[in-house]
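File shown: run_39.csv (CSV, C-alpha atoms).
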```
chain,number,residue,atom,x,y,z
A,1,MET,CA,49.8,-31.1,-43.8
A,2,THR,CA,46.3,-32.7,-44.3
A,3,GLY,CA,43.1,-31.2,-43.1
A,4,SER,CA,43.0,-33.7,-40.3
A,5,ASP,CA,46.5,-32.8,-39.2
A,6,LYS,CA,45.9,-29.0,-39.3
A,7,LYS,CA,47.2,-27.4,-36.1
A,8,ILE,CA,44.9,-25.3,-33.9
A,9,ARG,CA,45.9,-21.6,-34.3
A,10,VAL,CA,46.1,-19.7,-31.0
A,11,LEU,CA,46.2,-16.0,-30.2
A,12,VAL,CA,47.8,-15.4,-26.8
A,13,VAL,CA,46.7,-12.2,-25.0
A,14,ASP,CA,48.5,-11.1,-21.8
A,15,ASP,CA,50.0,-7.8,-20.7
A,16,SER,CA,53.1,-9.6,-19.3
A,17,ALA,CA,55.8,-10.3,-21.9
A,18,PHE,CA,57.1,-13.0,-19.6
A,19,MET,CA,53.7,-14.7,-19.3
A,20,ARG,CA,53.3,-14.6,-23.1
A,21,LYS,CA,56.6,-16.4,-23.4
A,22,VAL,CA,55.5,-19.0,-20.9
A,23,MET,CA,52.2,-19.5,-22.7
A,24,GLN,CA,54.0,-19.7,-26.0
A,25,GLY,CA,56.2,-22.5,-24.7
A,26,ILE,CA,53.3,-24.5,-23.3
A,27,ILE,CA,51.2,-24.2,-26.4
A,28,SER,CA,54.0,-24.8,-28.8
A,29,GLY,CA,54.9,-27.9,-26.8
A,30,ASP,CA,51.6,-29.4,-27.9
A,31,PRO,CA,52.1,-30.9,-31.4
A,32,GLY,CA,48.5,-30.1,-32.3
A,33,MET,CA,48.7,-26.3,-31.6
A,34,GLN,CA,50.6,-23.3,-32.7
A,35,VAL,CA,50.8,-19.7,-31.5
A,36,ILE,CA,50.0,-17.4,-34.5
A,37,GLY,CA,50.1,-14.1,-32.6
A,38,GLU,CA,50.5,-12.3,-29.3
A,39,ALA,CA,48.8,-9.2,-27.9
A,40,GLY,CA,49.8,-7.1,-24.9
A,41,ASP,CA,46.5,-5.4,-24.3
A,42,GLY,CA,42.8,-5.6,-25.3
A,43,ARG,CA,43.0,-3.2,-28.2
A,44,GLU,CA,45.7,-5.2,-29.9
A,45,ALA,CA,43.7,-8.4,-29.1
A,46,VAL,CA,40.6,-7.0,-30.9
A,47,THR,CA,42.7,-6.0,-34.0
A,48,LEU,CA,44.5,-9.4,-34.2
A,49,ALA,CA,41.4,-11.4,-33.6
A,50,GLU,CA,39.9,-9.8,-36.7
A,51,SER,CA,43.0,-9.9,-38.9
A,52,LEU,CA,44.4,-13.4,-37.9
A,53,ARG,CA,41.1,-15.1,-37.3
A,54,PRO,CA,42.5,-17.6,-34.8
A,55,ASP,CA,40.9,-20.9,-33.9
A,56,VAL,CA,41.0,-19.9,-30.2
A,57,ILE,CA,42.2,-17.0,-28.0
A,58,SER,CA,43.7,-17.2,-24.5
A,59,MET,CA,42.7,-14.0,-22.8
A,60,ASP,CA,44.0,-12.3,-19.7
A,61,ILE,CA,41.6,-10.0,-17.8
A,62,ASN,CA,43.7,-7.2,-16.2
A,63,MET,CA,45.4,-5.3,-19.0
A,64,PRO,CA,46.1,-1.6,-19.8
A,65,HIS,CA,44.2,0.5,-22.4
A,66,LEU,CA,41.4,-2.1,-22.9
A,67,ASP,CA,41.0,-4.9,-20.4
A,68,GLY,CA,40.1,-8.5,-21.2
A,69,LEU,CA,36.4,-8.0,-20.4
A,70,ALA,CA,36.0,-5.2,-22.8
A,71,ALA,CA,38.0,-7.0,-25.5
A,72,THR,CA,35.9,-10.2,-25.0
A,73,GLU,CA,32.7,-8.2,-25.3
A,74,ILE,CA,33.9,-6.5,-28.5
A,75,ILE,CA,35.2,-9.8,-30.1
A,76,MET,CA,32.0,-11.7,-29.2
A,77,SER,CA,29.7,-9.0,-30.5
A,78,SER,CA,31.5,-8.3,-33.7
A,79,ASN,CA,33.9,-11.1,-34.7
A,80,PRO,CA,33.2,-14.1,-32.5
A,81,ARG,CA,36.1,-16.4,-31.7
A,82,PRO,CA,36.3,-19.1,-29.0
A,83,ILE,CA,38.0,-17.5,-25.9
A,84,VAL,CA,39.5,-19.2,-22.9
A,85,ILE,CA,40.1,-16.8,-20.0
A,86,VAL,CA,43.5,-17.2,-18.2
A,87,SER,CA,43.3,-15.2,-15.0
A,88,SER,CA,43.9,-15.3,-11.3
A,89,GLU,CA,41.7,-17.0,-8.7
A,90,SER,CA,41.4,-13.9,-6.5
A,91,GLN,CA,38.0,-12.5,-5.7
A,92,GLU,CA,38.6,-9.8,-8.3
A,93,GLY,CA,39.9,-12.4,-10.8
A,94,ALA,CA,36.8,-14.6,-10.2
A,95,ARG,CA,34.4,-11.7,-10.7
A,96,GLY,CA,36.1,-10.8,-14.0
A,97,THR,CA,36.3,-14.4,-15.2
A,98,LEU,CA,32.6,-15.0,-14.5
A,99,ARG,CA,31.7,-11.8,-16.3
A,100,ALA,CA,33.7,-12.9,-19.3
A,101,LEU,CA,31.9,-16.3,-19.3
A,102,GLN,CA,28.6,-14.4,-19.3
A,103,LEU,CA,29.8,-12.4,-22.3
A,104,GLY,CA,30.5,-15.6,-24.3
A,105,ALA,CA,34.0,-16.9,-23.3
A,106,VAL,CA,34.0,-20.7,-23.5
A,107,ASP,CA,36.0,-21.6,-20.4
A,108,PHE,CA,38.7,-20.5,-18.0
A,109,VAL,CA,42.0,-21.5,-16.5
A,110,SER,CA,43.1,-20.1,-13.2
A,111,LYS,CA,46.7,-18.8,-13.0
A,112,PRO,CA,48.7,-20.1,-10.0
A,113,SER,CA,49.1,-17.4,-7.4
A,114,SER,CA,52.7,-16.6,-8.2
A,115,ALA,CA,52.4,-17.2,-11.9
A,116,ILE,CA,56.0,-18.2,-12.5
A,117,ASN,CA,57.1,-20.6,-15.2
A,118,LEU,CA,57.1,-23.6,-12.9
A,119,ASP,CA,53.6,-22.8,-11.6
A,120,MET,CA,52.2,-22.4,-15.1
A,121,ASN,CA,53.5,-25.8,-16.0
A,122,SER,CA,51.3,-27.1,-13.2
A,123,VAL,CA,48.3,-26.2,-15.3
A,124,ARG,CA,49.8,-27.1,-18.6
A,125,ASP,CA,47.5,-30.1,-19.2
A,126,GLU,CA,44.4,-28.2,-18.2
A,127,LEU,CA,45.3,-25.2,-20.4
A,128,THR,CA,46.1,-27.2,-23.6
A,129,ARG,CA,43.0,-29.4,-23.1
A,130,LYS,CA,40.7,-26.5,-22.7
A,131,LEU,CA,42.2,-24.7,-25.7
A,132,ARG,CA,41.7,-27.8,-27.8
A,133,THR,CA,38.1,-28.1,-26.7
A,134,ALA,CA,37.3,-24.4,-27.1
A,135,ALA,CA,38.7,-24.5,-30.7
A,136,LYS,CA,35.9,-26.9,-31.6
A,137,VAL,CA,33.1,-24.8,-30.2
A,138,ARG,CA,30.7,-23.1,-32.6
A,139,VAL,CA,30.6,-19.6,-31.3
A,140,VAL,CA,27.9,-17.0,-32.0
A,141,ARG,CA,27.5,-13.3,-31.3
A,142,THR,CA,26.5,-12.9,-27.7
A,143,ALA,CA,24.3,-10.4,-25.9
A,144,THR,CA,25.2,-8.5,-22.8
A,145,ARG,CA,23.9,-9.4,-19.3
A,146,PRO,CA,20.1,-9.6,-19.1
A,147,LYS,CA,18.2,-7.0,-17.1
A,148,THR,CA,15.2,-7.7,-14.9
A,149,ALA,CA,12.6,-5.5,-13.3
A,150,GLN,CA,12.8,-7.3,-10.0
A,151,ARG,CA,15.9,-8.6,-8.2
A,152,GLY,CA,16.4,-11.6,-6.0
A,153,SER,CA,18.3,-11.6,-2.7
A,154,VAL,CA,21.6,-13.4,-2.3
A,155,GLY,CA,20.9,-14.8,1.1
A,156,ALA,CA,24.6,-15.5,1.5
A,157,GLY,CA,24.7,-14.4,5.1
A,158,MET,CA,21.4,-16.1,6.0
A,159,GLY,CA,21.4,-19.2,8.3
A,160,ALA,CA,20.6,-22.6,7.0
A,161,GLY,CA,16.9,-23.2,6.6
A,162,VAL,CA,15.8,-19.5,6.5
A,163,CYS,CA,13.2,-19.8,3.8
A,164,GLY,CA,11.1,-16.7,3.9
A,165,ARG,CA,8.7,-18.3,1.6
A,166,PRO,CA,5.5,-20.3,2.3
A,167,PRO,CA,4.8,-23.1,1.9
A,168,GLY,CA,7.1,-26.1,1.3
A,169,GLY,CA,9.1,-26.9,4.4
A,170,ARG,CA,10.2,-26.4,7.9
A,171,ARG,CA,13.3,-24.5,9.1
A,172,SER,CA,16.6,-26.2,9.3
A,173,GLY,CA,17.2,-28.2,12.4
A,174,SER,CA,13.7,-29.6,12.5
A,175,PRO,CA,13.6,-33.3,13.1
A,176,HIS,CA,10.4,-33.5,11.0
A,177,ALA,CA,10.3,-34.3,7.3
A,178,VAL,CA,9.9,-31.4,4.9
A,179,GLU,CA,6.6,-31.3,3.0
A,180,ARG,CA,7.3,-32.4,-0.5
A,181,CYS,CA,7.1,-29.7,-3.2
A,182,PRO,CA,8.0,-29.5,-6.9
A,183,LEU,CA,11.7,-29.7,-7.2
A,184,ILE,CA,13.8,-28.8,-10.2
A,185,ILE,CA,17.5,-29.8,-10.5
A,186,LEU,CA,19.6,-27.8,-13.0
A,187,ALA,CA,22.8,-29.4,-14.2
A,188,ALA,CA,25.5,-27.6,-16.3
A,189,SER,CA,29.2,-27.5,-17.1
A,190,THR,CA,31.0,-25.7,-19.9
A,191,GLY,CA,28.9,-22.8,-21.2
A,192,GLY,CA,26.7,-23.1,-18.1
A,193,PRO,CA,27.3,-19.6,-16.6
A,194,ALA,CA,26.2,-17.8,-19.8
A,195,ALA,CA,23.2,-20.2,-20.2
A,196,LEU,CA,22.1,-19.7,-16.6
A,197,MET,CA,22.4,-16.0,-16.8
A,198,ARG,CA,19.8,-16.2,-19.7
A,199,LEU,CA,17.6,-18.8,-18.1
A,200,VAL,CA,17.3,-18.0,-14.4
A,201,PRO,CA,16.4,-14.3,-14.8
A,202,ASN,CA,13.3,-15.4,-16.8
A,203,ILE,CA,12.0,-17.4,-13.8
A,204,ARG,CA,9.3,-15.4,-12.0
A,205,ARG,CA,9.7,-14.3,-8.4
A,206,ASP,CA,6.8,-16.4,-7.1
A,207,PHE,CA,7.8,-19.6,-8.9
A,208,PRO,CA,6.1,-22.4,-6.9
A,209,ALA,CA,9.0,-24.8,-7.0
A,210,ALA,CA,12.3,-25.3,-5.3
A,211,MET,CA,15.4,-25.3,-7.6
A,212,VAL,CA,18.9,-26.7,-7.1
A,213,LEU,CA,21.9,-26.0,-9.3
A,214,ALA,CA,24.8,-28.4,-9.8
A,215,LEU,CA,27.4,-26.5,-11.8
A,216,HIS,CA,30.9,-27.8,-12.6
A,217,MET,CA,32.8,-24.8,-11.2
A,218,PRO,CA,35.6,-24.4,-8.6
A,219,ALA,CA,34.7,-23.6,-5.1
A,220,SER,CA,36.4,-20.2,-5.3
A,221,PHE,CA,34.0,-19.2,-8.1
A,222,THR,CA,30.6,-20.5,-7.0
A,223,GLY,CA,30.0,-17.9,-4.3
A,224,GLN,CA,30.7,-15.0,-6.7
A,225,PHE,CA,28.6,-16.6,-9.4
A,226,THR,CA,25.7,-17.0,-6.9
A,227,GLU,CA,25.9,-13.2,-6.1
A,228,GLN,CA,25.9,-12.3,-9.8
A,229,LEU,CA,23.0,-14.6,-10.6
A,230,ALA,CA,21.0,-13.2,-7.7
A,231,GLU,CA,21.5,-9.6,-8.8
A,232,ALA,CA,20.1,-10.5,-12.3
A,233,SER,CA,17.2,-12.6,-11.2
A,234,ALA,CA,13.7,-12.2,-9.7
A,235,ILE,CA,13.8,-15.6,-7.9
A,236,ARG,CA,15.7,-15.8,-4.6
A,237,VAL,CA,19.2,-17.2,-5.3
A,238,LYS,CA,21.6,-18.4,-2.5
A,239,GLU,CA,24.4,-20.9,-1.9
A,240,ALA,CA,23.1,-24.1,-0.4
A,241,ALA,CA,23.8,-24.7,3.3
A,242,VAL,CA,23.9,-28.0,5.3
A,243,GLU,CA,20.5,-29.2,6.6
A,244,GLU,CA,18.7,-26.4,4.8
A,245,ALA,CA,15.0,-27.1,4.1
A,246,LEU,CA,13.9,-26.8,0.5
A,247,CYS,CA,11.5,-23.9,-0.1
A,248,PRO,CA,9.6,-23.0,-3.2
A,249,GLY,CA,10.7,-19.8,-4.9
A,250,THR,CA,14.4,-20.3,-4.1
A,251,LEU,CA,17.3,-21.5,-6.2
A,252,TYR,CA,20.1,-23.3,-4.2
A,253,VAL,CA,23.5,-23.2,-5.7
A,254,CYS,CA,25.7,-26.2,-4.8
A,255,PRO,CA,29.2,-25.0,-3.6
A,256,GLY,CA,31.9,-26.1,-6.0
A,257,SER,CA,33.7,-27.8,-3.1
A,258,HIS,CA,30.9,-30.3,-2.3
A,259,HIS,CA,28.4,-32.8,-3.7
A,260,LEU,CA,24.7,-32.0,-2.9
A,261,ARG,CA,22.1,-34.6,-2.0
A,262,ILE,CA,18.5,-34.3,-0.8
A,263,SER,CA,18.0,-36.3,2.4
A,264,PRO,CA,15.0,-38.6,2.9
A,265,ALA,CA,13.6,-35.9,5.1
A,266,GLY,CA,13.9,-33.3,2.4
A,267,ASN,CA,16.9,-31.3,3.6
A,268,ILE,CA,20.1,-30.4,1.8
A,269,GLN,CA,23.1,-32.5,2.6
A,270,LEU,CA,26.6,-31.4,1.5
A,271,ASP,CA,29.5,-33.8,1.1
A,272,ASP,CA,33.1,-32.6,0.5
A,273,GLY,CA,34.3,-36.1,-0.4
A,274,PRO,CA,36.3,-36.9,-3.6
A,275,ARG,CA,35.1,-36.4,-7.1
A,276,ILE,CA,32.6,-38.9,-8.4
A,277,ALA,CA,33.1,-40.1,-12.0
A,278,GLY,CA,35.5,-37.1,-12.3
A,279,TYR,CA,33.0,-34.5,-11.1
A,280,ARG,CA,32.4,-32.4,-8.0
A,281,PRO,CA,29.7,-31.4,-7.7
A,282,CYS,CA,28.3,-34.5,-9.4
A,283,ALA,CA,24.9,-33.8,-10.9
A,284,ASP,CA,24.1,-37.5,-11.0
A,285,VAL,CA,24.1,-37.9,-7.2
A,286,THR,CA,22.0,-34.8,-6.8
A,287,LEU,CA,19.5,-36.0,-9.3
A,288,GLU,CA,19.3,-39.5,-7.9
A,289,SER,CA,18.6,-38.2,-4.4
A,290,ALA,CA,16.0,-35.7,-5.8
A,291,ALA,CA,14.2,-38.6,-7.6
A,292,ALA,CA,14.1,-40.6,-4.4
A,293,TRP,CA,12.7,-37.7,-2.3
A,294,ALA,CA,10.4,-36.0,-4.8
A,295,GLY,CA,9.4,-38.8,-7.1
A,296,PRO,CA,7.0,-37.5,-9.8
A,297,MET,CA,7.4,-34.0,-8.5
A,298,ALA,CA,11.1,-34.0,-9.5
A,299,SER,CA,12.3,-32.4,-12.8
A,300,ALA,CA,15.7,-32.5,-14.3
A,301,VAL,CA,17.1,-29.8,-16.7
A,302,ILE,CA,20.4,-30.9,-18.4
A,303,LEU,CA,22.1,-27.9,-19.8
A,304,THR,CA,25.2,-27.3,-21.9
A,305,GLY,CA,28.4,-29.0,-20.8
A,306,MET,CA,31.1,-31.6,-21.7
A,307,GLY,CA,30.9,-35.2,-20.6
A,308,ASN,CA,28.0,-37.3,-19.4
A,309,ASP,CA,27.3,-36.1,-15.9
A,310,GLY,CA,23.5,-35.9,-15.4
A,311,ALA,CA,22.5,-38.6,-17.8
A,312,ARG,CA,22.3,-41.4,-15.2
A,313,GLY,CA,20.5,-39.1,-12.7
A,314,ALA,CA,18.1,-37.9,-15.3
A,315,LEU,CA,17.1,-41.5,-16.0
A,316,ALA,CA,16.5,-42.0,-12.3
A,317,VAL,CA,14.2,-38.9,-12.4
A,318,LYS,CA,12.3,-40.3,-15.4
A,319,GLU,CA,11.9,-43.7,-13.8
A,320,ALA,CA,10.5,-42.1,-10.6
A,321,GLY,CA,7.8,-40.5,-12.7
A,322,GLY,CA,9.4,-37.1,-13.0
A,323,TYR,CA,10.1,-34.8,-16.0
A,324,VAL,CA,13.4,-34.5,-17.9
A,325,LEU,CA,14.3,-31.7,-20.2
A,326,ALA,CA,17.5,-31.3,-22.2
A,327,GLN,CA,18.9,-28.2,-23.9
A,328,ASP,CA,19.0,-28.5,-27.7
A,329,GLU,CA,22.2,-28.6,-29.7
A,330,ALA,CA,21.6,-25.2,-31.4
A,331,THR,CA,21.7,-23.2,-28.2
A,332,SER,CA,24.3,-25.4,-26.3
A,333,MET,CA,27.9,-24.3,-26.3
A,334,ILE,CA,28.9,-27.9,-25.7
A,335,PHE,CA,26.2,-30.5,-26.5
A,336,GLY,CA,27.8,-33.3,-24.5
A,337,MET,CA,25.7,-33.5,-21.3
A,338,PRO,CA,22.3,-32.9,-23.1
A,339,GLN,CA,23.3,-35.3,-25.8
A,340,GLU,CA,24.2,-38.1,-23.4
A,341,THR,CA,20.9,-37.6,-21.6
A,342,ILE,CA,19.0,-37.9,-24.8
A,343,ARG,CA,21.0,-41.0,-25.8
A,344,ALA,CA,20.2,-42.6,-22.4
A,345,GLY,CA,16.5,-42.3,-23.3
A,346,ALA,CA,15.8,-40.0,-20.4
A,347,ALA,CA,14.7,-36.8,-22.0
A,348,HIS,CA,11.0,-36.1,-22.4
A,349,ASP,CA,11.7,-32.8,-24.3
A,350,VAL,CA,14.6,-31.2,-26.1
A,351,LEU,CA,14.2,-27.4,-26.1
A,352,ALA,CA,16.0,-24.2,-27.0
A,353,LEU,CA,17.4,-22.4,-23.9
A,354,ASP,CA,14.9,-19.5,-24.1
A,355,ALA,CA,11.9,-22.0,-24.2
A,356,ILE,CA,12.9,-23.8,-21.0
A,357,PRO,CA,11.4,-21.3,-18.4
A,358,ALA,CA,7.9,-21.6,-19.9
A,359,ALA,CA,8.2,-25.4,-20.1
A,360,LEU,CA,9.2,-25.5,-16.4
A,361,GLU,CA,6.4,-23.2,-15.4
A,362,LYS,CA,3.9,-25.4,-17.3
A,363,ARG,CA,5.2,-28.5,-15.6
A,364,VAL,CA,5.1,-27.0,-12.1
A,365,LEU,CA,1.6,-25.6,-12.5
A,366,TYR,CA,0.5,-29.1,-13.6
A,367,LEU,CA,2.1,-30.6,-10.5
A,368,ARG,CA,0.5,-28.0,-8.2
A,369,GLY,CA,-2.9,-28.8,-9.7
A,370,ALA,CA,-2.4,-32.5,-9.3
A,371,LEU,CA,-1.5,-32.0,-5.6
A,372,LYS,CA,-4.6,-30.0,-5.0
A,373,VAL,CA,-6.9,-32.8,-6.3
A,374,GLY,CA,-4.8,-35.5,-4.6
A,375,ALA,CA,-3.5,-37.0,-7.8
A,376,LEU,CA,0.1,-37.1,-6.4
```
Please rewrite the model in this file as structure tokens.
Amino acid sequence: MTGSDKKIRVLVVDDSAFMRKVMQGIISGDPGMQVIGEAGDGREAVTLAESLRPDVISMDINMPHLDGLAATEIIMSSNPRPIVIVSSESQEGARGTLRALQLGAVDFVSKPSSAINLDMNSVRDELTRKLRTAAKVRVVRTATRPKTAQRGSVGAGMGAGVCGRPPGGRRSGSPHAVERCPLIILAASTGGPAALMRLVPNIRRDFPAAMVLALHMPASFTGQFTEQLAEASAIRVKEAAVEEALCPGTLYVCPGSHHLRISPAGNIQLDDGPRIAGYRPCADVTLESAAAWAGPMASAVILTGMGNDGARGALAVKEAGGYVLAQDEATSMIFGMPQETIRAGAAHDVLALDAIPAALEKRVLYLRGALKVGAL
């Protein structure tokens, strides 16, 4: 077999012998992959990851002796390998999956609720596709969850338009237009949760801009991710609500079940229509509406992710006089979205992940100064 025909070597980790058999059948059915080992708990997974050095690992979360989270943390801190989490979509499963992504797992596949053979076949294509993609990822040793001195508030139970921060807009339901303020749109996909857990906690509490996040993530996960991001951050973080007014010092997370647009009046609009160009939420539509409303006060930050979502919208931001920043290849898990933005000629700067907060603060302070002297 030539180097180009070399099969992707997969380590399957699950405490259910039946599930391991099902996974074995799905993976072996792909001519480009082979299962080289199976582990029934996290301890065995850590040992086999080191001895077999697989190209990619499928990892369950709930297991005896050492669970998938602990195994992921050990593997990613000592012997990094690409990991795809295969776990349930329950609230507990979502919490564990998100934590694994923060620890460095590449992606996840949700097990069907009953997890029988027929049901797993329903996610066959998604599983094999994500394993193939993950096997190509350049993994690095990852750090644990960042700590901050001040914590933001989730705001999950707050009504639409409850800002709690001056200045920048009226409460939801107002027929009047919201006063324009600096607006930053973050777009991310594969690798996004880990990147955002490094980036957002470094945004200061009194950051004088509104922020919106369009992240490719299922609806059953975005609420939980919002809570985890809020707990780690100084800035206020909440899920976006219909007709909510944009307020500085707040990050609005688009629910995974909707597209998010900024209305001509400066309020959040949510649309649960079909995927656009394969994405929901689609970052392009958020960015284009942000460019139309905020003009030169709009900024786009295109983070790690597969595909080209965000490139067209970032170009719209640039053409409106706004600022576009793309994450660099060295710190991106998947360089697809930033690379397409750069290729489109939209990016003003290409920066490492840890340099992005300072660049955003510099841009927003410039905009605030320009507003004071009437230059915008």
Spatial neighbours of Ile61 in chain A, 12 Å, all atoms listed in the file, chain gap at least 5 places, as a ChimeraX atom specification: /A:13-16,40-42,45,66-73,83-90,92-101,105,108-111
Two-atom distance - CA of Arg53 in chain A, CA of Gln24 in chain A (Å):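 Rounded to one decimal, the two atoms are 17.8 Å apart.
Counting from CA of Ala344 in chain A, the distance to CA of Arg312 in chain A is 7.6 Å.
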Residue neighbourhood Leu183 in chain A, 8 Å, only C-alpha atoms, exclusion window fewer than 4 positions, as number ranges by chain: A: 209-212, 290, 294, 297-299
Nearest to Ile235 in chain A, chosen from A:Asn202, A:Ser51, A:Thr341, A:Ser189, with all atoms listed in the file counted in the distances: A:Asn202
